[in-house]
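**Student:** I'm passing along input22.cif; it holds mmCIF, C-alpha atoms.
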```
data_protein
#
loop_
_atom_site.label_atom_id
_atom_site.label_comp_id
_atom_site.auth_asym_id
_atom_site.auth_seq_id
_atom_site.Cartn_x
_atom_site.Cartn_y
_atom_site.Cartn_z
CA MET A 23 110.87 58.28 171.72
CA SER A 24 109.72 60.60 174.48
CA GLY A 25 105.99 61.34 174.33
CA ALA A 26 105.41 59.01 171.37
CA ALA A 27 102.19 57.62 172.83
CA SER A 28 100.52 61.04 172.80
CA THR A 29 102.29 63.17 170.22
CA GLY A 30 103.75 60.85 167.56
CA TRP A 31 106.76 62.27 165.69
CA ASP A 32 108.73 65.21 166.98
CA ARG A 33 109.42 68.09 164.60
CA GLN A 34 112.65 66.73 163.16
CA GLN A 35 111.10 63.30 162.68
CA MET A 36 108.20 64.92 160.82
CA ALA A 37 110.68 66.62 158.51
CA ASP A 38 112.70 63.42 158.10
CA ARG A 39 109.61 61.46 157.08
CA LEU A 40 108.55 64.04 154.53
CA ALA A 41 112.08 64.26 153.12
CA ARG A 42 111.94 60.52 152.39
CA GLU A 43 109.43 61.46 149.67
CA PHE A 44 111.95 63.62 147.82
CA GLN A 45 113.18 61.96 144.64
CA ASP A 46 116.70 61.90 143.25
CA GLY A 47 117.44 65.00 141.17
CA TRP A 48 114.69 67.16 142.66
CA ILE A 49 115.02 70.87 143.34
CA VAL A 50 113.29 71.36 146.69
CA ASN A 51 112.21 74.73 148.03
CA LEU A 52 112.04 74.87 151.83
CA GLY A 53 109.86 77.55 153.39
CA VAL A 54 110.20 79.31 156.73
CA GLY A 55 109.68 77.41 159.99
CA LEU A 56 109.29 73.63 160.18
CA PRO A 57 110.20 73.02 156.51
CA THR A 58 113.77 74.23 157.11
CA LEU A 59 114.34 71.09 159.21
CA CYS A 60 114.26 69.00 156.03
CA SER A 61 117.78 70.15 155.15
CA ASN A 62 119.02 68.38 158.32
CA THR A 63 117.77 65.01 157.05
CA ASP A 64 120.28 62.40 155.89
CA ILE A 65 119.14 61.84 152.30
CA GLY A 66 121.69 59.14 151.53
CA ASP A 67 122.91 59.02 147.94
CA ARG A 68 120.01 61.04 146.52
CA ASP A 69 120.99 64.26 144.76
CA ILE A 70 118.68 66.90 146.25
CA VAL A 71 119.18 70.64 145.67
CA TYR A 72 117.66 72.75 148.43
CA HIS A 73 116.41 76.13 147.27
CA ALA A 74 115.69 79.17 149.45
CA GLU A 75 113.71 82.23 148.35
CA ASN A 76 116.51 84.53 149.48
CA GLY A 77 118.88 83.09 146.85
CA VAL A 78 120.83 80.30 148.58
CA ILE A 79 120.73 77.38 146.15
CA GLY A 80 122.17 74.01 147.16
CA TYR A 81 122.46 74.42 150.90
CA GLY A 82 122.73 71.76 153.57
CA PRO A 83 122.12 71.31 157.30
CA VAL A 84 121.79 74.12 159.82
CA LEU A 85 125.15 74.61 161.50
CA PRO A 86 125.64 74.55 165.30
CA PRO A 87 126.82 77.66 167.19
CA GLY A 88 130.51 78.31 166.62
CA GLU A 89 130.58 76.70 163.17
CA GLU A 90 128.21 79.01 161.33
CA ASP A 91 128.90 81.67 158.73
CA LEU A 92 126.85 84.62 160.01
CA HIS A 93 126.42 85.91 156.45
CA LEU A 94 124.92 82.68 155.12
CA VAL A 95 121.28 82.02 156.00
CA ASN A 96 118.27 80.17 154.61
CA ALA A 97 114.82 81.69 154.13
CA GLY A 98 114.18 81.39 157.86
CA GLY A 99 117.33 83.26 158.84
CA GLN A 100 119.10 80.13 160.10
CA ASN A 101 122.81 79.74 159.43
CA VAL A 102 123.31 76.88 157.00
CA SER A 103 126.11 75.01 155.27
CA LEU A 104 126.71 74.86 151.52
CA GLN A 105 126.83 71.65 149.51
CA PRO A 106 129.30 71.12 146.63
CA GLY A 107 128.12 73.07 143.60
CA ALA A 108 126.00 75.51 145.64
CA ALA A 109 125.35 79.03 144.40
CA ILE A 110 124.33 82.37 145.87
CA VAL A 111 122.05 84.28 143.51
CA HIS A 112 120.08 87.53 143.49
CA HIS A 113 116.63 87.43 145.06
CA ALA A 114 115.10 88.13 141.64
CA ASP A 115 116.97 85.18 140.12
CA SER A 116 115.76 82.94 142.93
CA PHE A 117 112.18 83.89 142.07
CA GLY A 118 112.99 83.36 138.41
CA ILE A 119 113.73 79.74 139.25
CA ILE A 120 110.35 79.51 141.01
CA ARG A 121 108.27 81.25 138.36
CA SER A 122 109.83 79.29 135.50
CA GLY A 123 108.50 76.03 136.98
CA ARG A 124 111.86 74.52 137.96
CA ILE A 125 110.90 73.71 141.57
CA ASP A 126 109.98 70.02 141.84
CA VAL A 127 108.40 70.46 145.27
CA THR A 128 107.93 73.27 147.73
CA VAL A 129 107.59 72.43 151.42
CA MET A 130 105.66 75.03 153.38
CA GLY A 131 104.18 75.41 156.81
CA ALA A 132 100.47 76.13 157.21
CA TYR A 133 97.82 77.06 159.74
CA GLU A 134 95.36 74.65 158.14
CA VAL A 135 94.80 72.50 155.05
CA SER A 136 91.54 71.28 153.55
CA ALA A 137 90.49 67.91 152.18
CA GLY A 138 90.37 69.54 148.75
CA GLY A 139 94.03 70.51 148.85
CA ASP A 140 93.51 74.18 149.77
CA PHE A 141 95.80 75.67 152.38
CA ALA A 142 96.07 78.78 154.54
CA ASN A 143 99.44 79.97 155.81
CA TRP A 144 99.56 83.75 155.78
CA ARG A 145 97.05 85.20 158.23
CA LEU A 146 95.23 84.07 161.34
CA ALA A 147 91.61 84.95 162.01
CA GLY A 148 91.25 88.52 163.25
CA ALA A 149 94.86 89.44 162.50
CA LYS A 150 95.57 92.72 160.75
CA GLY A 151 98.07 93.24 157.95
CA GLY A 152 100.30 90.46 156.71
CA GLY A 153 100.91 89.29 153.18
CA ILE A 154 101.06 86.06 151.23
CA GLY A 155 104.55 86.85 149.93
CA GLY A 156 106.44 84.16 148.04
CA ALA A 157 104.00 81.43 149.10
CA MET A 158 101.67 82.50 146.29
CA ASP A 159 104.40 82.14 143.64
CA LEU A 160 105.45 78.77 145.01
CA ALA A 161 101.90 77.43 145.23
CA ALA A 162 101.22 78.50 141.65
CA CYS A 163 104.49 77.42 140.03
CA ALA A 164 105.99 74.48 141.94
CA ARG A 165 105.21 71.04 140.49
CA ARG A 166 104.16 69.74 143.90
CA VAL A 167 103.18 71.32 147.23
CA PHE A 168 103.97 69.48 150.47
CA LEU A 169 102.96 70.83 153.88
CA LEU A 170 104.61 70.33 157.25
CA LEU A 171 102.57 71.30 160.32
CA GLU A 172 101.40 70.22 163.76
CA HIS A 173 98.21 68.16 163.56
CA THR A 174 96.31 70.42 165.96
CA THR A 175 96.49 73.99 167.27
CA ARG A 176 97.65 74.78 170.79
CA LYS A 177 93.96 74.73 171.74
CA GLY A 178 93.61 71.21 170.35
CA GLU A 179 91.60 72.26 167.29
CA PRO A 180 92.24 70.37 164.02
CA ARG A 181 94.44 71.84 161.32
CA LEU A 182 93.36 69.20 158.77
CA VAL A 183 89.82 70.28 157.96
CA ALA A 184 87.01 69.78 155.46
CA ARG A 185 87.20 73.45 154.40
CA CYS A 186 89.66 76.17 155.35
CA ARG A 187 88.24 78.79 157.69
CA LEU A 188 91.22 81.12 157.36
CA PRO A 189 92.16 83.26 154.31
CA VAL A 190 93.36 80.77 151.69
CA THR A 191 96.81 81.01 150.11
CA ALA A 192 95.99 78.69 147.18
CA ARG A 193 93.29 76.19 146.27
CA GLY A 194 93.62 72.56 145.22
CA VAL A 195 97.41 72.43 145.11
CA VAL A 196 98.47 70.38 148.16
CA THR A 197 99.57 66.83 147.38
CA LEU A 198 101.00 65.64 150.70
CA VAL A 199 100.81 66.66 154.37
CA ALA A 200 103.12 65.57 157.18
CA THR A 201 102.12 66.18 160.80
CA ASN A 202 103.23 64.80 164.14
CA TYR A 203 100.42 62.23 163.70
CA GLY A 204 101.49 60.90 160.32
CA LEU A 205 101.53 61.34 156.57
CA PHE A 206 98.30 62.26 154.76
CA ALA A 207 97.15 63.06 151.22
CA PRO A 208 94.10 65.26 150.44
CA THR A 209 91.57 63.39 148.30
CA GLY A 210 88.68 65.85 148.01
CA GLU A 211 86.46 63.72 150.25
CA GLY A 212 88.93 63.61 153.11
CA PHE A 213 92.56 62.68 153.75
CA ALA A 214 94.09 59.36 152.74
CA VAL A 215 96.26 57.93 155.50
CA ARG A 216 99.66 57.15 154.02
CA GLU A 217 101.30 56.36 157.36
CA LEU A 218 100.61 56.87 161.06
CA ALA A 219 103.37 57.91 163.44
CA PRO A 220 104.42 55.50 166.20
CA GLY A 221 102.02 55.69 169.15
CA ILE A 222 99.19 57.16 167.03
CA ASP A 223 96.29 54.88 166.11
CA LEU A 224 93.54 55.60 163.60
CA ALA A 225 90.99 56.47 166.28
CA THR A 226 93.32 59.06 167.79
CA ALA A 227 94.05 60.58 164.40
CA ARG A 228 90.36 60.70 163.48
CA ALA A 229 89.44 62.42 166.73
CA ALA A 230 92.00 65.17 165.98
CA THR A 231 91.05 65.67 162.32
CA GLY A 232 88.26 67.89 161.01
CA ALA A 233 87.62 65.78 157.88
CA PRO A 234 87.26 62.05 157.15
CA LEU A 235 90.38 59.90 157.23
CA LEU A 236 90.36 57.32 154.46
CA PRO A 237 92.42 54.21 153.64
CA ALA A 238 95.35 55.02 151.35
#
```
Please lay out the structure from this file as structure tokens.

**Tutor:**
Amino acid sequence: MSGAASTGWDRQQMADRLAREFQDGWIVNLGVGLPTLCSNTDIGDRDIVYHAENGVIGYGPVLPPGEEDLHLVNAGGQNVSLQPGAAIVHHADSFGIIRSGRIDVTVMGAYEVSAGGDFANWRLAGAKGGGIGGAMDLAACARRVFLLLEHTTRKGEPRLVARCRLPVTARGVVTLVATNYGLFAPTGEGFAVRELAPGIDLATARAATGAPLLPA
């Protein structure tokens, strides 16, 4: 794996590792950005229904150029395939699925996540405008919240922190975090290390994390 010694998993590998946590029969909402990569993962014989806010229910991998249906996109605007039994529903019906508690897990991107399970994903410091959008509904109504994000910012600052410094989307809801450094679970006191990516040792992960890393 190119760059494994310094960066751990690449983006698709991060998504693949998180998707291994999805259980048979789950309805899985995939947010914009990195989370959309989860639909590319080979999930074997598990029956997973991927849900998008825009109303595509039961979609599959992103299609390569030349094979796509330009009218069929996921929440991130990527052209996707449909799995057997898929449905296209109204935006309001898609949110009805969310608000009625039928989403087993939502996977979202984030700017940062705290040891207490808070996360921030809608506005950077000093930015004007913006809105939480559907993230608020998903954080409040999904049975589980998983996050998929790079372990540090482009400046090398930690995204896994003791307390969020950015405007918070929701508090105490995050159950699992996948980064290029590994798989982590907020505990309140810090983050439990579920797994470290190849080429990443505990000292490296600790140096890049703004909260204690604890044994799983």

**Student:** For Val127 of chain A, work out the shell of residues within 8 Å, counting all atoms listed in the file and skipping chain neighbours fewer than 3 positions away, then give it as a list of chain:residue names.

**Tutor:**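 Returned residues: A:Trp48, A:Ile49, A:Val50, A:Asn51, A:Ala164, A:Arg165, A:Arg166, A:Val167, A:Phe168.
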
**Student:** If you measure from atom CA of Trp31 of chain A to atom CA of Val78 of chain A, what distance in Å do you get, rounded to one decimal?

**Tutor:**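 Answer for the atom CA of Trp31 of chain A to atom CA of Val78 of chain A separation: 28.6 Å.
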
**Student:** For segment 212-219 of chain A, find every residue with an atom within 7 Å (counting all atoms listed in the file), except residues of its own chain fewer than 2 positions away, and show them as an MDAnalysis selection string.

**Tutor:** chainID A and resid 30:31 137 184 202:210 221:223 233:238

**Student:** From the list A:Ala97, A:Ala142, A:Ile79, A:Met158, which residue is nearest Arg181 of chain A when using all atoms listed in the file?

**Tutor:** A:Ala142

**Student:** Go through A:Thr191, A:Thr175, A:Asn143, A:Thr63 one by one, measure the shortest atom-to-atom distance of each to Leu40 of chain A using only C-alpha atoms, and give the residue with the smallest value.

**Tutor:**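 Ranking A:Thr191, A:Thr175, A:Asn143, A:Thr63 by distance to Leu40 of chain A, first place goes to A:Thr63.
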
**Student:** Enter the distance from atom CA of Arg68 of chain A to atom CA of Phe44 of chain A, in Å, rounded to one decimal.

**Tutor:**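 These atoms are spaced 8.6 Å apart.
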
**Student:** Expanded to explicit residues, what is the PyMOL selection byres ((chain A and resi 118) around 12) for this file, as a ChimeraX atom specification?

**Tutor:** /A:73,75-77,111-117,119-125,156,159-160,163-164

**Student:** Could you list, as a list in words, every residue within 12 Å of Ile65 of chain A, counting only C-alpha atoms and ignoring same-chain residues fewer than 6 positions away?

**Tutor:**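 Skipping anything fewer than 6 positions along the chain leaves Ala37, Asp38, Arg39, Leu40, Ala41, Arg42, Glu43, Phe44, Gln45, Asp46, Gly47, Trp48, Val71, Tyr72, Gly82 and Pro83 of chain A.
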
**Student:** With distances taken over all atoms listed in the file, which of A:Val199, A:Met36, A:Leu182, A:Leu94 is nearest to Ile110 of chain A?

**Tutor:**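 Of A:Val199, A:Met36, A:Leu182, A:Leu94, the one nearest Ile110 of chain A is A:Leu94, counting all atoms listed in the file.
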
**Student:** Under the PyMOL selection byres ((chain A and resi 108) around 8), which residues of this model are included? Write them out as a PyMOL selection string.

**Tutor:** chain A and resi 78-81+104-107+109-110

**Student:** Okay, now the selection with C-alpha atoms, as a short mmCIF file (atom, residue, chain, number, x, y, z; two decimals), keeping the file's coordinate frame?

**Tutor:**
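Result file result-v3.cif:
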```
data_model
loop_
_atom_site.label_atom_id
_atom_site.label_comp_id
_atom_site.auth_asym_id
_atom_site.auth_seq_id
_atom_site.Cartn_x
_atom_site.Cartn_y
_atom_site.Cartn_z
CA VAL A 78 120.83 80.30 148.58
CA ILE A 79 120.73 77.38 146.15
CA GLY A 80 122.17 74.01 147.16
CA TYR A 81 122.46 74.42 150.90
CA LEU A 104 126.71 74.86 151.52
CA GLN A 105 126.83 71.65 149.51
CA PRO A 106 129.30 71.12 146.63
CA GLY A 107 128.12 73.07 143.60
CA ALA A 109 125.35 79.03 144.40
CA ILE A 110 124.33 82.37 145.87
#
```

**Student:** Carefully work through the PyMOL selection byres ((chain A and resi 186-188) around 9) for this structure and note down the residues it includes, as a PyMOL selection string.

**Tutor:** chain A and resi 133-137+140-147+181-185+189-190

**Student:** Deliver the residues from the most recent selection as a file, using C-alpha atoms, as a tab-separated table (two decimals), keeping the file's coordinate frame.

**Tutor:**
```tsv
chain	number	residue	atom	x	y	z
A	133	TYR	CA	97.82	77.06	159.74
A	134	GLU	CA	95.36	74.65	158.14
A	135	VAL	CA	94.80	72.50	155.05
A	136	SER	CA	91.54	71.28	153.55
A	137	ALA	CA	90.49	67.91	152.18
A	140	ASP	CA	93.51	74.18	149.77
A	141	PHE	CA	95.80	75.67	152.38
A	142	ALA	CA	96.07	78.78	154.54
A	143	ASN	CA	99.44	79.97	155.81
A	144	TRP	CA	99.56	83.75	155.78
A	145	ARG	CA	97.05	85.20	158.23
A	146	LEU	CA	95.23	84.07	161.34
A	147	ALA	CA	91.61	84.95	162.01
A	181	ARG	CA	94.44	71.84	161.32
A	182	LEU	CA	93.36	69.20	158.77
A	183	VAL	CA	89.82	70.28	157.96
A	184	ALA	CA	87.01	69.78	155.46
A	185	ARG	CA	87.20	73.45	154.40
A	189	PRO	CA	92.16	83.26	154.31
A	190	VAL	CA	93.36	80.77	151.69
```

**Student:** Which residue out of A:Asn96, A:Thr201, A:Thr29, A:Gln35 has the minimum interatomic distance to Thr58 of chain A when all atoms listed in the file are used?

**Tutor:**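 Among the listed residues, A:Asn96 lies closest to Thr58 of chain A.
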
**Student:** Gly88 of chain A: which residues within 12 Å, counting all atoms listed in the file, same-chain residues fewer than 4 positions away excluded, as a PDB file with C-alpha atoms, in the frame of the given file?

**Tutor:**
```pdb
ATOM      1  CA  VAL A  84     121.790  74.120 159.820  1.00  0.00           C
ATOM      2  CA  LEU A  92     126.850  84.620 160.010  1.00  0.00           C
ATOM      3  CA  ASN A 101     122.810  79.740 159.430  1.00  0.00           C
TER       4      ASN A 101
END
```

**Student:** Any idea what the distance is between atom CA of Ala161 of chain A and atom CA of Thr128 of chain A?

**Tutor:**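 Interatomic distance, atom CA of Ala161 of chain A to atom CA of Thr128 of chain A: 7.7 Å.
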